[in-house]
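Take a look at the structure set out below.
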Amino acid sequence: MPTTSRLHLVTADEDHRVSTLELFFDLVFVYAITQTTQLMADHLSPLGIGQGMAMLTVLWWCWSGYVWLGNTIHVDQGIARLALFGAMAVSFLVSLTIPEAFTDLPGGLDAPLLFVGCYLAVRLLHLVAYLGAARHDPGLRKVLLQMFPGVLPSVALLTVATFFGGWPQFGLWAVAMLWDYGNVFFTRSSEWRVNQPGHFAERYGLIVIIALGESIVAIGIGISALPMSWLVVGAATGGLALAAGMWWTYFDVVAHVSEHKLTKAEGAERVKIATDSYTFMHLPLIAGIVLVALGLKKALLYVADTEHHSASEALHGVPIWALTGGLALYLFTLAALRRRNLGSWNHQRLILAVLLLAATPLLEHVPAAALVAIVSVTVLGLITFERNRRSKVVSGIAG
């Protein structure tokens with residue numbers, strides 16, 4: 001592909017890795033995830049969780065679009081660098097408006113409309129940059145122009161949603177995102193480009209790490225103004241162990257298998273793997289992490305805030321379901337990724353996901369600190385079981 005001093009395209013034969021500017025761009029997404037977790041923490045109800053998940057789908061769509069762009073052009077070079085800085089600025093405004101995206105606070109600007117306007121700006125900047133990257137690629141340019149009409153109805157629905165509240169507003173958000181996601185899903189073709197599968201897989205792997213890191217931050221922020229105790233130390237350590245276990249269950253095998261399948265595939269098959277395994281299936285993975293972060297945030301608050309909670313008090317209602325349900329969603333998605341890439345389910349992860357959901361009513365009677373310990377030990381037990389099983393298989397083959 002030709003290049004100019006203004007726009008440097010990524011070629012299929014170069015070693016293109018994640019740039020420092022892309023990592024800088026991800027910092028805005030980190031803040032957005034933190035804001036989304038806090039949004040749900042401030043509205044602990046089914047509607048509040050739904051709003052948080054709807055917000056995450058919007059943020060994810062913006063972020064994923066720039067991953068695909070960064071796999072086509074060097075976003076840290078030429079005019080693309082300025083475009084990415086512009087996208088960062090508008091994305092930061094989107095993050096700032098998250099607390100008021102559904103309910104505008106008195107005074108100041110109309111935050112819901114500002115949110116929609118900034119979201120539209122992020123999408124338009126992405127489209128313009130992508131069309132510039134595709135100026136010598138008629139196939140890619142065609143599929144981009146096919147995708148664009150789907151953006152306008154979703155933005156229109158989000159705009160209409162600003163005049164409503166509660167479940168009707170959430171319903172409009174859900175329809176808007178289904179329209180946008182479905183439009184891209186049904187217009188995908190071999191004309192999309194994944195020139196550097198290593199770079200593509202690395203971007204999504206890094207966002208998983210970022211989301212897991214946010215879950216640790218949520219623990220710290222939740223108890224930062226409260227006195228330390230041995231019970232807090234133990235619960236915080238358990239929360240960290242849970243985050244480490246979630247890291248292990250993804251990066252030990254799943255990440256490598258997904259990248260291997262993406263690298264070996266070509267043409268339309270590579271595009272399908274990229275959209276299925278990464279763009280679409282990593283969303284519930286991140287959603288699971290965010291929900292676990294919310295549950296941990298509330299669990300540690302119960303443990304540390306001795307003025308309002310006792311040591312024996314159990315986590316209940318929305319927070320505990322966020323913790324167990326988020327972890328179940330995470331495990332189910334990992335099993336589904338195996339099904340997508342290897343053709344078989346990871347049954348032990350599916351079983352554990354079901355057991356977590358089934359046991360939640362019982363866990364509502366367990367002290368919050370013990371709950372964190374139980375969930376952490378369960379995940380670490382899964383890891384131990386899988387490693388022992390894998391070792392036996394390898395030993396059998398070697399024998």
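Just so we're on the same page: first chain in the structure tokens is A, next is B, and so on; residues restart at 1 for each chain, and ligands are numbered from 1 in the order they show up.
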- Do you know which residues are at most 7 Å from segment 80-88 of chain A counting only C-alpha atoms, after dropping those on the same chain fewer than 6 positions away, and could you put them as a ChimeraX atom specification? /A:7,25,28,122,125
Those residues you just picked out, can you put them in a file as an mmCIF file, in the first residue's frame with C-alpha atoms?
data_model
loop_
_atom_site.group_PDB
_atom_site.id
_atom_site.type_symbol
_atom_site.label_atom_id
_atom_site.label_comp_id
_atom_site.auth_asym_id
_atom_site.auth_seq_id
_atom_site.Cartn_x
_atom_site.Cartn_y
_atom_site.Cartn_z
ATOM 1 C CA LEU A 7 -0.789 9.255 6.451
ATOM 2 C CA PHE A 25 -5.531 6.848 24.250
ATOM 3 C CA VAL A 28 -9.190 7.885 28.615
ATOM 4 C CA VAL A 122 -15.944 10.545 18.137
ATOM 5 C CA LEU A 125 -13.605 11.576 13.525
#
Per residue of segment 153-241 of chain A within 10 Å of segment 269-293 of chain A, which atom pair is closest and at what distance in Å (one decimal), using only C-alpha atoms, listed by chain and increasing number, as a tab-separated table?
residue	atom	partner	partner_atom	distance
A:Tyr181	CA	A:Phe280	CA	8.6
A:Val184	CA	A:Thr275	CA	9.3
A:Phe185	CA	A:Thr275	CA	7.9
A:Arg188	CA	A:Val271	CA	7.8
A:Ser189	CA	A:Val271	CA	7.1
A:Ser190	CA	A:Val271	CA	6.3
A:Glu191	CA	A:Val271	CA	8.5
A:Trp192	CA	A:Val271	CA	6.6
A:Arg193	CA	A:Val271	CA	7.1
A:Val194	CA	A:Val271	CA	6.7
A:Asn195	CA	A:Arg270	CA	9.6
A:Pro197	CA	A:Ala274	CA	8.4
A:Phe200	CA	A:Ala274	CA	8.1
A:Ala201	CA	A:Tyr278	CA	7.7
A:Arg203	CA	A:Tyr278	CA	9.7
A:Tyr204	CA	A:Tyr278	CA	6.9
A:Gly205	CA	A:Tyr278	CA	9.4
A:Ile207	CA	A:Ile286	CA	8.3
A:Val208	CA	A:Ile286	CA	6.6
A:Ile209	CA	A:Ile286	CA	9.8
A:Ile210	CA	A:Ile286	CA	9.6
A:Ala211	CA	A:Ile289	CA	6.5
A:Leu212	CA	A:Ile289	CA	6.4
A:Gly213	CA	A:Ala293	CA	9.4
A:Glu214	CA	A:Ala293	CA	7.3
A:Ser215	CA	A:Ala293	CA	4.3
A:Ile216	CA	A:Ala293	CA	7.4
A:Val217	CA	A:Ala293	CA	8.6
A:Ala218	CA	A:Ala293	CA	6.2
A:Ile219	CA	A:Ala293	CA	7.5
A:Gly239	CA	A:Ala293	CA	9.1
- Message: If we count only C-alpha atoms and set the cut-off at 8 Å, which residues sit around Val116 of chain A, ignoring sequence neighbours fewer than 5 positions away in its own chain? Please answer as JSON, numbers by chain.
- Response: {"A": [155, 158, 159]}
- Task: Enumerate the residues of segment 288-348 of chain A with a DSSP assignment of alpha helix (DSSP H), computed from the backbone, and present them as a PyMOL selection string.
- Result: chain A and resi 288-304+318-342+347-348
- Query: So how far away is atom CA of Asp180 of chain A from atom CA of Met147 of chain A, in Å?
  - Reply: 8.9 Å
Near-Leu145 of chain A list (9 Å; only C-alpha atoms; drop same-chain fewer than 4 positions) as a PDB file with N, CA and C atoms, in the first residue's frame:
ATOM      1  N   LEU A 127     -14.590   7.892  11.356  1.00  0.00           N
ATOM      2  CA  LEU A 127     -14.958   7.627   9.967  1.00  0.00           C
ATOM      3  C   LEU A 127     -14.084   8.414   8.996  1.00  0.00           C
ATOM      4  N   LEU A 131     -11.667   6.690   6.310  1.00  0.00           N
ATOM      5  CA  LEU A 131     -11.824   6.932   4.878  1.00  0.00           C
ATOM      6  C   LEU A 131     -10.522   7.439   4.267  1.00  0.00           C
ATOM      7  N   LEU A 140     -12.338  -1.417   0.975  1.00  0.00           N
ATOM      8  CA  LEU A 140     -12.484  -0.941   2.346  1.00  0.00           C
ATOM      9  C   LEU A 140     -13.319   0.329   2.382  1.00  0.00           C
ATOM     10  N   ARG A 141     -13.094   1.207   1.423  1.00  0.00           N
ATOM     11  CA  ARG A 141     -13.854   2.460   1.380  1.00  0.00           C
ATOM     12  C   ARG A 141     -15.351   2.173   1.192  1.00  0.00           C
ATOM     13  N   PRO A 149     -24.321   4.797   7.328  1.00  0.00           N
ATOM     14  CA  PRO A 149     -25.750   5.072   7.540  1.00  0.00           C
ATOM     15  C   PRO A 149     -26.305   4.487   8.834  1.00  0.00           C
TER      16      PRO A 149
END
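If you measure from each of A:Ile383, A:Leu96, A:Leu44, A:Ile223 to Asp252 of chain A using only C-alpha atoms, the closest one turns out to be A:Ile383.
Taking only C-alpha atoms into account, Asp104 of chain A lies nearest to A:Gly165 out of the set A:Pro153, A:Gly267, A:Gly245, A:Gly165.
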- Message: What's around segment 51-63 of chain A at 8 Å? Count only C-alpha atoms, leave out sequence neighbours fewer than 4 positions away in its own chain, and write the answer as JSON, numbers by chain.
- Response: {"A": [29, 32, 33, 36, 37, 39, 40, 47, 67, 98, 102, 119, 122, 123, 170, 173, 174, 177, 283, 287]}
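Between atom CA of Leu334 of chain A and atom CA of His347 of chain A there is a distance of 10.7 Å.
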- Query: Which distance in Å separates atom CA of Ala156 of chain A and atom CA of Ala176 of chain A, to one decimal?
  - Reply: 8.2 Å
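Each of A:Gly295, A:Gly343, A:Gly238, A:Gly65 was checked against Val377 of chain A using only C-alpha atoms; the smallest atom-to-atom distance is that of A:Gly238.
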I'd like the contact shell of Ser229 of chain A - 12 Å cut-off, only C-alpha atoms, skipping same-chain residues fewer than 5 positions apart - returned as a tab-separated table (two decimals) with N, CA and C atoms, in the first residue's frame.
chain	number	residue	atom	x	y	z
A	223	ILE	N	-12.31	2.27	49.83
A	223	ILE	CA	-11.96	2.23	51.25
A	223	ILE	C	-10.83	3.21	51.60
A	234	GLY	N	-7.20	-8.64	54.82
A	234	GLY	CA	-7.54	-9.95	54.28
A	234	GLY	C	-8.50	-9.87	53.11
A	235	ALA	N	-9.54	-9.03	53.23
A	235	ALA	CA	-10.52	-8.90	52.16
A	235	ALA	C	-9.90	-8.27	50.91
A	236	ALA	N	-9.05	-7.27	51.11
A	236	ALA	CA	-8.39	-6.63	49.97
A	236	ALA	C	-7.46	-7.62	49.26
A	300	LEU	N	-15.84	-4.55	49.94
A	300	LEU	CA	-14.78	-3.96	50.76
A	300	LEU	C	-15.29	-2.79	51.59
A	303	VAL	N	-16.79	-4.17	54.64
A	303	VAL	CA	-15.77	-4.65	55.57
A	303	VAL	C	-15.10	-3.48	56.30
A	304	ALA	N	-14.81	-2.41	55.56
A	304	ALA	CA	-14.02	-1.31	56.12
A	304	ALA	C	-14.84	-0.28	56.88
A	305	ASP	N	-16.09	-0.06	56.48
A	305	ASP	CA	-16.92	0.97	57.10
A	305	ASP	C	-17.62	0.40	58.34
A	306	THR	N	-16.87	0.32	59.42
A	306	THR	CA	-17.41	-0.27	60.65
A	306	THR	C	-18.44	0.61	61.34
A	311	ALA	N	-18.96	-6.51	61.08
A	311	ALA	CA	-18.07	-7.48	60.45
A	311	ALA	C	-18.83	-8.70	59.94
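When only C-alpha atoms are used to measure the gap to Ser224 of chain A, the shortest distance among A:Val128, A:His199, A:Lys297, A:Leu329 belongs to A:Lys297.
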- Item | For Ser310 of chain A: contacts at 12 Å, only C-alpha atoms, fewer than 6 positions along chain excluded, given as an MDAnalysis selection string | chainID A and resid 231 299 301:304 367:369
Filtering to C-alpha atoms, could you give me those residues as an mmCIF file, in the first residue's frame?
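Final output, result11.cif:
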data_model
loop_
_atom_site.group_PDB
_atom_site.id
_atom_site.type_symbol
_atom_site.label_atom_id
_atom_site.label_comp_id
_atom_site.auth_asym_id
_atom_site.auth_seq_id
_atom_site.Cartn_x
_atom_site.Cartn_y
_atom_site.Cartn_z
ATOM 1 C CA LEU A 231 -10.101 -7.819 58.178
ATOM 2 C CA ALA A 299 -17.908 -5.768 49.585
ATOM 3 C CA LEU A 301 -16.882 -0.978 51.816
ATOM 4 C CA TYR A 302 -18.959 -3.276 54.030
ATOM 5 C CA VAL A 303 -15.770 -4.649 55.572
ATOM 6 C CA ALA A 304 -14.016 -1.308 56.120
ATOM 7 C CA PRO A 367 -20.224 -12.036 55.749
ATOM 8 C CA ALA A 368 -18.827 -9.799 53.010
ATOM 9 C CA ALA A 369 -15.195 -10.626 53.839
#
